[in-house]
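Just entry34.txt here, compact mmCIF, C-alpha atoms and all ligand atoms:
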# COMPACT_ATOMS: atom_id res chain seq x y z
CA MET J 1038 86.91 61.87 129.17
CA THR J 1039 88.24 65.40 129.77
CA ASP J 1040 89.65 65.61 126.28
CA ASP J 1041 86.29 64.95 124.68
CA PRO J 1042 86.00 68.22 122.73
CA ARG J 1043 82.30 68.55 123.61
CA ARG J 1044 83.18 68.99 127.27
CA LEU J 1045 85.60 71.78 126.43
CA VAL J 1046 83.12 73.95 124.54
CA PRO J 1047 82.79 77.22 126.48
CA ARG J 1048 79.28 78.21 127.61
CA THR J 1049 77.42 80.59 125.34
CA ASP J 1050 76.79 83.19 128.05
CA ASP J 1051 80.47 83.24 128.99
CA VAL J 1052 81.46 83.80 125.36
CA LEU J 1053 78.85 86.54 124.88
CA ALA J 1054 80.30 88.33 127.90
CA SER J 1055 83.80 88.36 126.36
CA PRO J 1056 85.26 91.83 125.74
CA LEU J 1057 86.04 90.62 122.22
CA LEU J 1058 82.31 90.64 121.50
CA THR J 1059 81.35 93.89 123.27
CA ALA J 1060 81.37 95.91 120.05
CA ALA J 1061 79.34 93.33 118.16
CA MET J 1062 76.83 93.03 121.02
CA SER J 1063 76.15 96.76 120.92
CA ALA J 1064 76.00 97.01 117.11
CA LEU J 1065 74.14 93.84 116.13
CA PRO J 1066 71.01 91.96 117.23
CA ARG J 1067 71.78 89.51 120.03
CA ALA J 1068 70.50 86.59 117.94
CA VAL J 1069 73.05 87.34 115.20
CA VAL J 1070 75.92 87.33 117.69
CA LYS J 1071 74.60 84.13 119.29
CA ALA J 1072 74.47 82.43 115.90
CA ALA J 1073 78.12 83.31 115.28
CA VAL J 1074 79.06 81.95 118.70
CA ALA J 1075 77.10 78.76 118.01
CA GLN J 1076 79.02 78.25 114.76
CA ALA J 1077 82.35 78.69 116.54
CA GLN J 1078 81.26 76.26 119.28
CA ASP J 1079 80.38 73.79 116.59
CA ARG J 1080 83.89 74.06 115.14
CA VAL J 1081 85.28 73.22 118.59
CA ARG J 1082 83.03 70.14 118.75
CA ARG J 1083 84.38 69.02 115.38
CA GLY J 1084 87.94 69.49 116.63
CA LYS J 1085 88.52 72.35 114.18
CA LEU J 1086 88.93 75.16 116.68
CA ASP J 1087 90.75 75.63 119.93
CA PRO J 1088 88.16 76.11 122.75
CA ALA J 1089 90.01 79.25 123.87
CA SER J 1090 89.44 80.85 120.44
CA VAL J 1091 85.63 80.76 120.34
CA ALA J 1092 85.12 84.46 121.09
CA THR J 1093 87.88 85.46 118.63
CA ALA J 1094 86.38 83.30 115.88
CA ALA J 1095 82.86 84.62 116.52
CA ALA J 1096 84.11 88.22 116.50
CA ALA J 1097 85.91 87.58 113.20
CA ALA J 1098 82.77 86.05 111.68
CA LEU J 1099 80.75 89.12 112.67
CA HIS J 1100 82.77 91.59 110.66
CA SER J 1101 80.44 93.48 108.41
CA SER J 1102 82.20 92.51 105.20
CA SER J 1103 82.97 89.00 104.03
CA LEU J 1104 86.51 90.13 103.19
CA ARG J 1105 88.84 88.87 105.88
CA ARG J 1106 92.12 90.37 106.94
CA VAL J 1107 94.82 87.90 105.96
CA ILE J 1108 98.40 87.40 107.11
CA ASN J 1109 100.45 87.07 103.93
CA ALA J 1110 103.15 84.50 104.68
CA THR J 1111 103.70 83.62 101.01
CA GLY J 1112 106.77 85.80 100.55
CA VAL J 1113 105.08 87.38 97.51
CA VAL J 1114 104.91 91.10 98.23
CA LEU J 1115 102.20 92.09 95.71
CA HIS J 1116 100.02 88.99 95.82
CA THR J 1117 97.16 89.56 93.38
CA ASN J 1118 94.88 87.05 95.11
CA LEU J 1119 95.53 88.77 98.44
CA GLY J 1120 94.67 92.23 97.15
CA ARG J 1121 98.16 93.40 96.05
CA ALA J 1122 99.50 96.27 98.17
CA PRO J 1123 98.48 96.55 101.84
CA LEU J 1124 97.94 100.19 102.78
CA SER J 1125 100.15 102.18 105.12
CA ALA J 1126 98.78 103.33 108.47
CA ALA J 1127 98.57 106.85 107.04
CA ALA J 1128 96.52 105.67 104.05
CA ARG J 1129 94.17 103.68 106.29
CA ALA J 1130 93.60 106.73 108.47
CA ALA J 1131 92.95 108.85 105.38
CA LEU J 1132 90.36 106.31 104.17
CA LEU J 1133 88.46 106.60 107.42
CA ASP J 1134 88.39 110.41 107.23
CA ALA J 1135 87.26 110.37 103.62
CA ALA J 1136 84.52 107.85 104.39
CA ALA J 1137 82.47 110.63 106.00
CA TYR J 1138 81.27 113.74 104.15
CA THR J 1139 84.45 115.26 102.81
CA ASP J 1140 85.57 118.31 100.83
CA VAL J 1141 86.58 116.18 97.83
CA GLU J 1142 85.06 118.69 95.39
CA PHE J 1143 84.49 121.67 97.68
CA ASP J 1144 86.62 124.58 98.87
CA LEU J 1145 85.83 125.24 102.52
CA SER J 1146 87.43 128.70 102.42
CA THR J 1147 85.38 130.05 99.49
CA GLY J 1148 82.32 127.83 99.66
CA GLN J 1149 82.79 127.11 95.97
CA ARG J 1150 83.17 123.91 93.98
CA ALA J 1151 86.82 122.78 93.76
CA THR J 1152 88.82 120.38 91.58
CA ARG J 1153 88.22 116.77 92.51
CA GLY J 1154 91.32 115.03 93.86
CA ARG J 1155 93.45 118.20 93.95
CA GLY J 1156 95.28 117.06 97.10
CA ALA J 1157 96.27 113.72 95.59
CA ILE J 1158 97.31 115.37 92.33
CA ALA J 1159 99.44 117.91 94.19
CA ALA J 1160 101.11 115.10 96.14
CA LEU J 1161 101.91 113.25 92.92
CA LEU J 1162 103.29 116.35 91.24
CA SER J 1163 105.57 117.11 94.15
CA ALA J 1164 106.78 113.49 94.15
CA VAL J 1165 107.29 113.59 90.36
CA PRO J 1166 108.32 117.15 89.43
CA ALA J 1167 108.98 115.96 85.88
CA ALA J 1168 105.21 115.64 85.38
CA GLY J 1169 103.32 118.74 84.26
CA ASP J 1170 99.99 117.37 85.42
CA ALA J 1171 98.42 114.18 86.75
CA LEU J 1172 95.11 112.34 86.65
CA ILE J 1173 93.88 109.52 88.87
CA VAL J 1174 91.49 106.88 87.55
CA ASN J 1175 90.18 103.50 88.63
CA ASN J 1176 93.19 101.29 87.83
CA GLY J 1177 96.20 100.91 85.56
CA ALA J 1178 94.14 99.41 82.77
CA ALA J 1179 91.77 102.39 82.91
CA ALA J 1180 94.70 104.80 82.71
CA LEU J 1181 95.96 103.17 79.53
CA LEU J 1182 92.44 102.88 78.11
CA LEU J 1183 91.80 106.58 78.62
CA ALA J 1184 95.16 107.66 77.21
CA ALA J 1185 94.79 105.44 74.15
CA THR J 1186 91.19 106.54 73.55
CA ALA J 1187 91.87 110.23 73.89
CA LEU J 1188 94.96 110.15 71.66
CA ALA J 1189 94.28 107.43 69.12
CA ALA J 1190 90.61 106.38 68.83
CA GLY J 1191 89.87 105.96 65.11
CA ARG J 1192 93.57 106.27 64.34
CA GLU J 1193 96.66 104.08 64.72
CA ILE J 1194 98.71 103.04 67.72
CA VAL J 1195 102.24 102.00 66.84
CA ILE J 1196 103.49 99.28 69.17
CA SER J 1197 106.33 96.73 69.21
CA ARG J 1198 105.43 93.05 68.76
CA GLY J 1199 107.61 92.36 71.81
CA GLU J 1200 105.18 94.37 73.94
CA LEU J 1201 101.88 92.71 73.00
CA VAL J 1202 101.57 91.20 76.45
CA GLU J 1203 99.05 89.45 78.65
CA ILE J 1204 99.19 90.90 82.16
CA GLY J 1205 97.32 88.17 84.02
CA ASP J 1206 93.96 86.45 84.32
CA GLY J 1207 93.38 86.75 80.58
CA PHE J 1208 93.96 90.51 80.50
CA ARG J 1209 95.64 91.17 77.15
CA LEU J 1210 96.86 94.68 76.54
CA PRO J 1211 96.47 94.57 72.73
CA GLU J 1212 92.78 93.69 73.17
CA LEU J 1213 92.33 96.62 75.53
CA LEU J 1214 94.00 98.96 73.04
CA VAL J 1215 91.86 97.71 70.14
CA SER J 1216 88.70 98.14 72.23
CA THR J 1217 89.30 101.90 72.14
CA GLY J 1218 88.62 101.94 68.41
CA ALA J 1219 92.29 102.46 67.60
CA ARG J 1220 94.01 100.23 65.05
CA LEU J 1221 97.22 98.54 66.16
CA ARG J 1222 100.18 99.02 63.86
CA GLU J 1223 102.51 96.28 65.10
CA VAL J 1224 106.19 96.78 64.40
CA GLY J 1225 109.37 94.71 64.82
CA THR J 1226 109.45 91.12 66.03
CA THR J 1227 108.95 89.35 69.35
CA ASN J 1228 112.60 89.69 70.30
CA ARG J 1229 113.88 92.67 68.33
CA THR J 1230 112.46 96.05 67.37
CA SER J 1231 114.47 98.98 66.02
CA LEU J 1232 113.84 102.71 65.81
CA ARG J 1233 113.63 102.27 62.05
CA ASP J 1234 110.62 99.96 62.51
CA TYR J 1235 108.79 102.77 64.27
CA THR J 1236 109.89 105.49 61.84
CA ASP J 1237 108.64 103.44 58.88
CA ALA J 1238 105.24 102.92 60.49
CA ILE J 1239 104.55 106.46 61.60
CA GLY J 1240 102.39 108.62 59.36
CA PRO J 1241 99.37 110.89 59.29
CA GLU J 1242 97.19 108.13 60.77
CA THR J 1243 99.36 107.70 63.87
CA GLY J 1244 97.69 108.81 67.10
CA ALA J 1245 100.39 107.64 69.49
CA VAL J 1246 103.27 105.28 70.04
CA VAL J 1247 102.59 103.01 73.02
CA LYS J 1248 105.48 101.45 74.89
CA VAL J 1249 104.46 98.76 77.35
CA HIS J 1250 106.71 97.42 80.08
CA PRO J 1251 106.61 93.63 79.63
CA SER J 1252 106.37 93.37 83.39
CA ASN J 1253 105.74 89.69 84.01
CA PHE J 1254 108.23 87.85 81.78
CA GLN J 1255 111.72 88.22 80.39
CA ILE J 1256 113.06 87.65 76.91
CA VAL J 1257 116.77 86.93 77.02
CA GLY J 1258 119.35 86.32 74.33
CA TYR J 1259 119.26 88.04 70.94
CA THR J 1260 117.04 90.97 71.82
CA SER J 1261 116.76 94.69 71.31
CA ALA J 1262 114.14 97.26 72.15
CA VAL J 1263 113.90 100.99 71.53
CA SER J 1264 114.34 103.23 74.54
CA VAL J 1265 111.86 105.93 75.51
CA ARG J 1266 114.57 108.49 74.78
CA GLU J 1267 114.80 107.32 71.16
CA LEU J 1268 111.03 107.05 70.76
CA ALA J 1269 110.69 110.61 72.05
CA THR J 1270 112.53 111.85 68.94
CA LEU J 1271 109.53 110.77 66.83
CA ALA J 1272 106.94 113.37 65.93
CA VAL J 1273 104.07 111.69 67.83
CA PRO J 1274 103.20 111.44 71.52
CA VAL J 1275 104.71 108.46 73.32
CA ILE J 1276 102.56 106.79 75.99
CA VAL J 1277 104.68 104.67 78.33
CA ASP J 1278 102.80 102.08 80.38
CA ILE J 1279 105.28 101.39 83.19
CA GLY J 1280 102.83 99.15 85.05
CA SER J 1281 104.25 99.09 88.54
CA GLY J 1282 103.89 102.71 89.67
CA LEU J 1283 107.46 103.31 90.82
CA LEU J 1284 107.69 107.10 90.91
CA ALA J 1285 111.51 107.16 90.99
CA PRO J 1286 114.17 104.48 90.41
CA ASP J 1287 114.67 101.80 93.07
CA PRO J 1288 118.21 100.31 93.09
CA LEU J 1289 116.76 96.99 94.31
CA LEU J 1290 114.78 96.71 91.05
CA PRO J 1291 117.12 97.93 88.32
CA ASP J 1292 114.93 96.65 85.47
CA GLU J 1293 111.71 98.31 86.65
CA PRO J 1294 110.91 101.50 84.77
CA ASP J 1295 109.82 104.50 86.84
CA ALA J 1296 107.71 107.56 86.11
CA THR J 1297 110.41 110.18 86.69
CA SER J 1298 112.97 108.56 84.39
CA SER J 1299 110.39 107.88 81.68
CA LEU J 1300 109.24 111.50 81.71
CA HIS J 1301 112.81 112.79 81.71
CA ALA J 1302 113.48 110.55 78.72
CA GLY J 1303 110.65 112.29 76.87
CA ALA J 1304 107.47 110.26 77.46
CA ALA J 1305 104.41 112.42 76.77
CA LEU J 1306 102.31 110.37 79.20
CA VAL J 1307 103.16 107.68 81.72
CA THR J 1308 100.46 105.30 82.94
CA ALA J 1309 100.78 103.10 86.03
CA SER J 1310 98.96 101.23 88.80
CA GLY J 1311 98.44 102.59 92.30
CA ASP J 1312 98.54 99.23 94.05
CA LYS J 1313 101.76 97.71 92.78
CA LEU J 1314 105.16 99.13 93.73
CA LEU J 1315 103.66 102.49 94.68
CA GLY J 1316 102.12 100.59 97.59
CA GLY J 1317 98.76 102.36 97.54
CA PRO J 1318 95.12 101.57 96.81
CA GLN J 1319 93.86 100.22 93.48
CA ALA J 1320 94.10 103.18 91.14
CA GLY J 1321 95.48 104.22 87.79
CA LEU J 1322 97.86 107.13 87.42
CA VAL J 1323 98.44 109.24 84.34
CA LEU J 1324 101.38 111.62 84.58
CA GLY J 1325 102.86 113.91 81.99
CA ASP J 1326 102.26 116.70 79.53
CA VAL J 1327 99.87 119.40 80.77
CA GLY J 1328 97.91 119.70 77.53
CA LEU J 1329 97.53 115.96 77.04
CA VAL J 1330 96.50 115.28 80.64
CA GLN J 1331 93.91 118.04 80.27
CA ARG J 1332 92.63 116.36 77.10
CA LEU J 1333 92.23 113.11 79.00
CA ARG J 1334 90.51 114.87 81.91
CA GLN J 1335 87.96 116.41 79.53
CA HIS J 1336 87.26 113.19 77.63
CA PRO J 1337 83.75 111.79 78.36
CA LEU J 1338 85.29 108.44 79.29
CA ALA J 1339 87.18 110.10 82.19
CA ARG J 1340 83.92 110.36 84.15
CA ALA J 1341 83.34 106.62 83.81
CA LEU J 1342 86.84 105.78 84.98
CA ARG J 1343 87.26 108.31 87.76
CA ALA J 1344 88.62 107.36 91.16
CA ASP J 1345 86.37 107.60 94.20
CA LYS J 1346 87.05 109.78 97.25
CA LEU J 1347 88.44 106.86 99.26
CA THR J 1348 91.02 106.11 96.58
CA LEU J 1349 91.99 109.76 96.26
CA ALA J 1350 92.49 110.03 100.01
CA ALA J 1351 94.58 106.86 100.18
CA ILE J 1352 96.72 107.80 97.16
CA GLU J 1353 97.52 111.18 98.65
CA ALA J 1354 98.47 109.68 102.03
CA THR J 1355 100.53 106.95 100.33
CA VAL J 1356 102.50 109.37 98.19
CA ARG J 1357 103.11 111.82 101.05
CA ALA J 1358 104.23 109.11 103.53
CA ALA J 1359 107.90 108.20 103.68
CA ASN J 1360 107.48 104.44 103.34
CA THR J 1361 104.78 101.94 102.58
CA PRO J 1362 104.41 98.37 103.81
CA THR J 1363 105.21 97.33 100.23
CA TYR J 1364 108.51 99.21 100.34
CA ASP J 1365 109.33 97.83 103.78
CA SER J 1366 108.60 94.24 102.72
CA LEU J 1367 110.70 94.58 99.57
CA HIS J 1368 113.61 96.04 101.49
CA ALA J 1369 113.33 93.84 104.61
CA ASP J 1370 116.71 93.00 106.13
CA PRO J 1371 117.43 89.26 105.55
CA ALA J 1372 119.21 89.07 108.93
CA VAL J 1373 116.11 90.36 110.72
CA LEU J 1374 113.85 87.95 108.81
CA HIS J 1375 116.17 85.11 109.79
CA SER J 1376 116.20 85.96 113.49
CA ARG J 1377 112.41 86.36 113.56
CA ALA J 1378 112.05 82.90 111.99
CA GLU J 1379 114.54 81.44 114.48
CA GLN J 1380 112.60 82.87 117.42
CA LEU J 1381 109.33 81.41 116.20
CA VAL J 1382 110.95 78.05 115.51
CA LEU J 1383 112.48 77.99 118.99
CA ALA J 1384 109.07 78.45 120.58
CA LEU J 1385 107.42 75.91 118.26
CA VAL J 1386 110.08 73.24 118.78
CA ALA J 1387 109.76 73.76 122.53
CA ALA J 1388 106.07 72.86 122.09
CA GLY J 1389 107.05 69.67 120.29
CA ILE J 1390 106.24 70.88 116.76
CA ASP J 1391 108.29 69.79 113.75
CA ALA J 1392 109.41 73.31 112.79
CA ARG J 1393 112.66 74.58 111.30
CA THR J 1394 114.08 77.74 109.82
CA VAL J 1395 114.74 77.60 106.10
CA GLY J 1396 115.91 80.05 103.47
CA SER J 1397 113.05 81.26 101.31
CA ALA J 1398 113.00 83.07 97.99
CA GLY J 1399 110.36 85.79 98.02
CA ALA J 1400 109.11 87.62 94.94
CA VAL J 1401 107.84 91.05 94.02
CA GLY J 1402 104.65 89.58 92.52
CA GLY J 1403 101.75 91.45 90.97
CA GLY J 1404 103.26 90.61 87.62
CA GLY J 1405 106.34 92.68 88.40
CA ALA J 1406 110.12 92.14 88.37
CA PRO J 1407 109.94 88.50 87.24
CA GLY J 1408 113.71 87.97 87.46
CA VAL J 1409 114.11 89.24 91.00
CA GLU J 1410 114.40 86.75 93.89
CA LEU J 1411 114.18 88.26 97.36
CA ALA J 1412 116.33 86.31 99.80
CA GLY J 1413 114.50 85.77 103.08
CA SER J 1414 113.61 83.21 105.72
CA ALA J 1415 110.62 81.06 106.49
CA VAL J 1416 109.30 78.83 109.24
CA SER J 1417 108.96 75.38 107.69
CA LEU J 1418 106.15 73.18 109.02
CA PRO J 1419 104.61 69.87 107.92
CA SER J 1420 102.35 70.51 104.93
CA SER J 1421 99.33 69.37 106.98
CA TYR J 1422 99.49 72.79 108.68
CA ALA J 1423 98.66 74.69 105.49
CA ALA J 1424 94.87 74.17 105.42
CA PRO J 1425 94.16 74.75 109.15
CA LEU J 1426 96.36 77.85 109.08
CA ARG J 1427 94.29 79.16 106.17
CA ASP J 1428 91.25 78.73 108.42
CA GLU J 1429 93.03 81.20 110.71
CA ALA J 1430 93.56 83.49 107.69
CA ILE J 1431 97.30 82.79 107.55
CA VAL J 1432 98.38 82.00 104.00
CA GLY J 1433 101.75 80.29 103.54
CA ARG J 1434 103.37 78.61 100.57
CA THR J 1435 103.64 74.86 100.03
CA LEU J 1436 107.02 73.71 98.73
CA HIS J 1437 108.54 70.20 98.67
CA ASP J 1438 105.73 68.92 100.88
CA ARG J 1439 106.35 71.52 103.59
CA CYS J 1440 104.24 74.50 104.56
CA LEU J 1441 106.49 77.57 104.54
CA LEU J 1442 105.61 80.72 106.45
CA ASP J 1443 107.81 83.38 104.85
CA LEU J 1444 108.05 86.37 107.18
CA ARG J 1445 108.88 89.03 104.57
CA CYS J 1446 105.30 90.36 104.32
CA VAL J 1447 104.25 89.50 107.87
CA PRO J 1448 104.27 92.67 109.98
CA ILE J 1449 106.64 92.07 112.90
CA GLU J 1450 103.83 92.82 115.34
CA SER J 1451 101.94 89.83 113.90
CA ASP J 1452 104.66 87.30 114.81
CA GLU J 1453 102.88 86.59 118.09
CA ALA J 1454 99.59 85.96 116.30
CA VAL J 1455 101.36 83.58 113.89
CA LEU J 1456 102.92 81.73 116.82
CA ALA J 1457 99.59 81.49 118.65
CA ALA J 1458 97.83 80.22 115.51
CA VAL J 1459 100.42 77.52 114.82
CA LEU J 1460 100.30 76.39 118.45
CA ALA J 1461 96.49 76.30 118.31
CA VAL J 1462 96.55 74.27 115.09
CA ALA J 1463 99.05 71.85 116.65
CA THR J 1464 96.75 71.42 119.67
CA CYS J 1465 93.78 70.69 117.40
CA MET J 1466 95.76 68.21 115.30
CA SER J 1467 97.20 66.24 118.25
C1 LIG B 1 99.57 95.64 86.01
C2 LIG B 1 99.75 96.24 84.70
C3 LIG B 1 98.67 96.85 84.05
C4 LIG B 1 97.28 96.84 84.61
O1 LIG B 1 97.18 97.60 85.77
P1 LIG B 1 95.93 97.34 86.75
O2 LIG B 1 96.14 98.34 87.84
O3 LIG B 1 96.04 95.93 87.20
O4 LIG B 1 94.70 97.60 85.97
C5 LIG B 1 98.89 97.41 82.82
N1 LIG B 1 100.12 97.41 82.27
C6 LIG B 1 101.20 96.84 82.88
C7 LIG B 1 102.53 96.87 82.20
C8 LIG B 1 101.05 96.23 84.11
O5 LIG B 1 102.09 95.66 84.71

As structure tokens, how would this structure be written, given the file I've shared?
Ligand SMILES: *Cc1c(COP(=O)(O)O)cnc(C)c1O
Amino acid sequence: MTDDPRRLVPRTDDVLASPLLTAAMSALPRAVVKAAVAQAQDRVRRGKLDPASVATAAAAALHSSSLRRVINATGVVLHTNLGRAPLSAAARAALLDAAAYTDVEFDLSTGQRATRGRGAIAALLSAVPAAGDALIVNNGAAALLLAATALAAGREIVISRGELVEIGDGFRLPELLVSTGARLREVGTTNRTSLRDYTDAIGPETGAVVKVHPSNFQIVGYTSAVSVRELATLAVPVIVDIGSGLLAPDPLLPDEPDATSSLHAGAALVTASGDKLLGGPQAGLVLGDVGLVQRLRQHPLARALRADKLTLAAIEATVRAANTPTYDSLHADPAVLHSRAEQLVLALVAAGIDARTVGSAGAVGGGGAPGVELAGSAVSLPSSYAAPLRDEAIVGRTLHDRCLLDLRCVPIESDEAVLAAVLAVATCMS
């Protein structure tokens, strides 16, 4: 009878006394904490939770937001459904500071009003000296919206038919551009566009040429596109939507455009996301010509799209820090990933679990670098582990009827938590 789960349920008072619940007990009404404990005890009774994890589960349930911290074992670095880029320790610390009253628009030395986001802008300009000025808005789409509105509302945007792309979840760039009140003047064909196509289309009605990085697909074969350098010879401003937010080239991703190279090639404005390859918070960056950035800053729409103080703080910390978790995951050493997987597998096999180390192809994700496969390693488990591991907020990838835990995006200090969770799931399933 000892393995009747009901007999293993820890007593409520013992759980409430756990150090894991001390913070919750002092911040929340006792009845709320008790209800969370009761729910966790119920999961033990249903065989869904290890009895030893009741306090942990209750503490997790008592977090003040419904968003849960997740271990990303998918191998996809910028997983849109998992919130794209995880923030660096520096950016997290900056968020906490900025969450209080902060001098976001105030100069403590003079007591006067100061430019919003000046620290983040300065950080961007020192990271991208080719940019005359910078502006930070809500996301990449907002950056492009603002640039297109300020330069081309009521006029024409010249754009290649090969760059009329859908970014994801029904987000179609041409529709965004048209919503600004600009008319699209499409040039070239899906696979080939020449400089001549642009030259023929440009006239007094042209507000801007927009060049979009087709970030989530590849066209191969008989193709040609016009480089930023060639477009910059035209007599109109060129807005380059690079998408990913790389500030400088990354040899690992030779096909990803970056802000520095695009500006050197003559882009008037570059727009990008903060939470893709830059590895920061959700934000949109506009970098480029001083006069044009100023025009965008003064446009009424800028107020509606502006970034909040938390974003500004996290962008600044991200740009100033040497590396981000995104960078580290992308550049993880395959040998290290392999030995981490081997160590986990060793411990799991010793516990009688059907686990093995397998090669695993990770991806950049977030709609970026579609042709790039990142060679790594995963712990392969029976597919029946996938759902209970998700209950523990560990998200793997199911492939060929196995549940793969790819370690590329798992912080090394979380390996122990992964091991403990798999062991706990195995105990529950046996
Ligand atoms: C991702 C992306 C966007 C949209 O950026 P968000 O930050 O998601 O709004 C726009 N253009 C390109 C090329 C992209 O890759």

Do you know which residues are within 6 Å of ligand LIG 1 (chain B) using only C-alpha atoms and all ligand atoms? Can you write them as a list in words?
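The residues within 6 Å of ligand LIG 1 (chain B), counting only C-alpha atoms and all ligand atoms, are Asn1176, Gly1177, Ala1178, Ile1204, Val1249, His1250, Pro1251, Ser1252, Asp1278, Ile1279, Gly1280, Ser1281, Ser1310, Gly1321 and Gly1404 of chain J.
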
Residues near Gln1078 of chain J, anyone? I mean within 10 Å using all atoms listed in the file, not counting same-chain ones fewer than 2 positions away, as a list of chain:residue names.
J:Pro1042, J:Arg1043, J:Leu1045, J:Val1046, J:Pro1047, J:Arg1048, J:Thr1049, J:Val1052, J:Ala1072, J:Ala1073, J:Val1074, J:Ala1075, J:Gln1076, J:Arg1080, J:Val1081, J:Arg1082, J:Arg1083, J:Gly1084, J:Lys1085, J:Leu1086, J:Asp1087, J:Pro1088, J:Ser1090, J:Val1091, J:Ala1092, J:Ala1094, J:Ala1095

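Interatomic distance, atom CA of Gly1413 of chain J to atom CA of Ser1451 of chain J: 17.1 Å.
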
Contacts of Gly1154 of chain J at 12 Å (all atoms listed in the file; same-chain gap of 2+ positions) as a CSV table (one decimal) with C-alpha atoms, in the frame of the given file:
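Heads up, here's the output in around.csv:
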chain,number,residue,atom,x,y,z
J,1135,ALA,CA,87.3,110.4,103.6
J,1139,THR,CA,84.4,115.3,102.8
J,1140,ASP,CA,85.6,118.3,100.8
J,1141,VAL,CA,86.6,116.2,97.8
J,1142,GLU,CA,85.1,118.7,95.4
J,1143,PHE,CA,84.5,121.7,97.7
J,1144,ASP,CA,86.6,124.6,98.9
J,1151,ALA,CA,86.8,122.8,93.8
J,1152,THR,CA,88.8,120.4,91.6
J,1156,GLY,CA,95.3,117.1,97.1
J,1157,ALA,CA,96.3,113.7,95.6
J,1158,ILE,CA,97.3,115.4,92.3
J,1159,ALA,CA,99.4,117.9,94.2
J,1160,ALA,CA,101.1,115.1,96.1
J,1161,LEU,CA,101.9,113.2,92.9
J,1171,ALA,CA,98.4,114.2,86.8
J,1172,LEU,CA,95.1,112.3,86.6
J,1173,ILE,CA,93.9,109.5,88.9
J,1174,VAL,CA,91.5,106.9,87.6
J,1334,ARG,CA,90.5,114.9,81.9
J,1343,ARG,CA,87.3,108.3,87.8
J,1344,ALA,CA,88.6,107.4,91.2
J,1345,ASP,CA,86.4,107.6,94.2
J,1346,LYS,CA,87.0,109.8,97.2
J,1347,LEU,CA,88.4,106.9,99.3
J,1348,THR,CA,91.0,106.1,96.6
J,1349,LEU,CA,92.0,109.8,96.3
J,1350,ALA,CA,92.5,110.0,100.0
J,1351,ALA,CA,94.6,106.9,100.2
J,1352,ILE,CA,96.7,107.8,97.2
J,1353,GLU,CA,97.5,111.2,98.6

Distance in Å - atom CA of Ile1431 of chain J versus atom CA of Val1447 of chain J
9.7 Å

Listed atoms of segment 1069-1085 of chain J boxed along x, y and z, 8 Å each side, centre and edge lengths in Å, one decimal, as JSON:
{"center_x": 80.8, "center_y": 78.2, "center_z": 116.7, "size_x": 31.5, "size_y": 34.3, "size_z": 21.1}

Grab the atom CA of Gly1433 of chain J to atom CA of Gly1112 of chain J distance for me, in Å with one decimal place.
8.0 Å

I'd like to know which of J:Ile1276, J:Leu1444, J:Leu1333, J:Ala1392 is closest to Val1246 of chain J, using all atoms listed in the file.
J:Ile1276

Minimum-distance residue to Pro1166 of chain J, chosen among J:Leu1284, J:Ala1185, J:Val1113, J:Ala1061 (using all atoms listed in the file)
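Looking only at the distances to Pro1166 of chain J, the closest residue turns out to be J:Leu1284.
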
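In this comparison, which uses only C-alpha atoms, the residue of J:Leu1124, J:Ala1179, J:Ala1272, J:Ala1060 approaching His1100 of chain J most closely is J:Ala1060.
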
Determine, counting only C-alpha atoms, which protein, DNA and RNA residues have an atom within 7 Å of an atom of Ala1398 of chain J; residues of the same chain fewer than 5 positions away are not included. Present the result as a PyMOL selection string.
chain J and resi 1410-1413

12 Å contact set for Leu1314 of chain J, all atoms listed in the file, chain neighbours under 4 positions out, as JSON, numbers by chain:
{"J": [1114, 1115, 1116, 1121, 1122, 1123, 1124, 1252, 1279, 1280, 1281, 1282, 1283, 1284, 1285, 1286, 1287, 1289, 1290, 1293, 1294, 1295, 1296, 1309, 1310, 1318, 1319, 1355, 1356, 1360, 1361, 1362, 1363, 1364, 1365, 1366, 1367, 1368, 1401, 1402, 1403, 1404, 1405, 1406]}

Find the spatial neighbours of Gly1225 of chain J, counting all atoms listed in the file, within a cut-off of 7 Å - ignore same-chain residues fewer than 6 positions away - and output them as a PyMOL selection string.
chain J and resi 1197-1198+1231+1234

Counting all atoms listed in the file, which of J:Val1323, J:Ala1077, J:Ala1423, J:Ala1388 gets nearest to Ala1089 of chain J?
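Closest residue, counting all atoms listed in the file: J:Ala1077.
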
Selected residue, from J:Thr1236, J:Ser1216, J:Thr1394, J:Thr1147, that lies nearest to Arg1377 of chain J when counting all atoms listed in the file:
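Distance minimum relative to Arg1377 of chain J lands on J:Thr1394.
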
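You can rank J:Leu1315, J:Asp1206, J:Ala1137, J:Val1069 by their closest distance to Thr1117 of chain J using all atoms listed in the file, and at the top of that list sits J:Asp1206.
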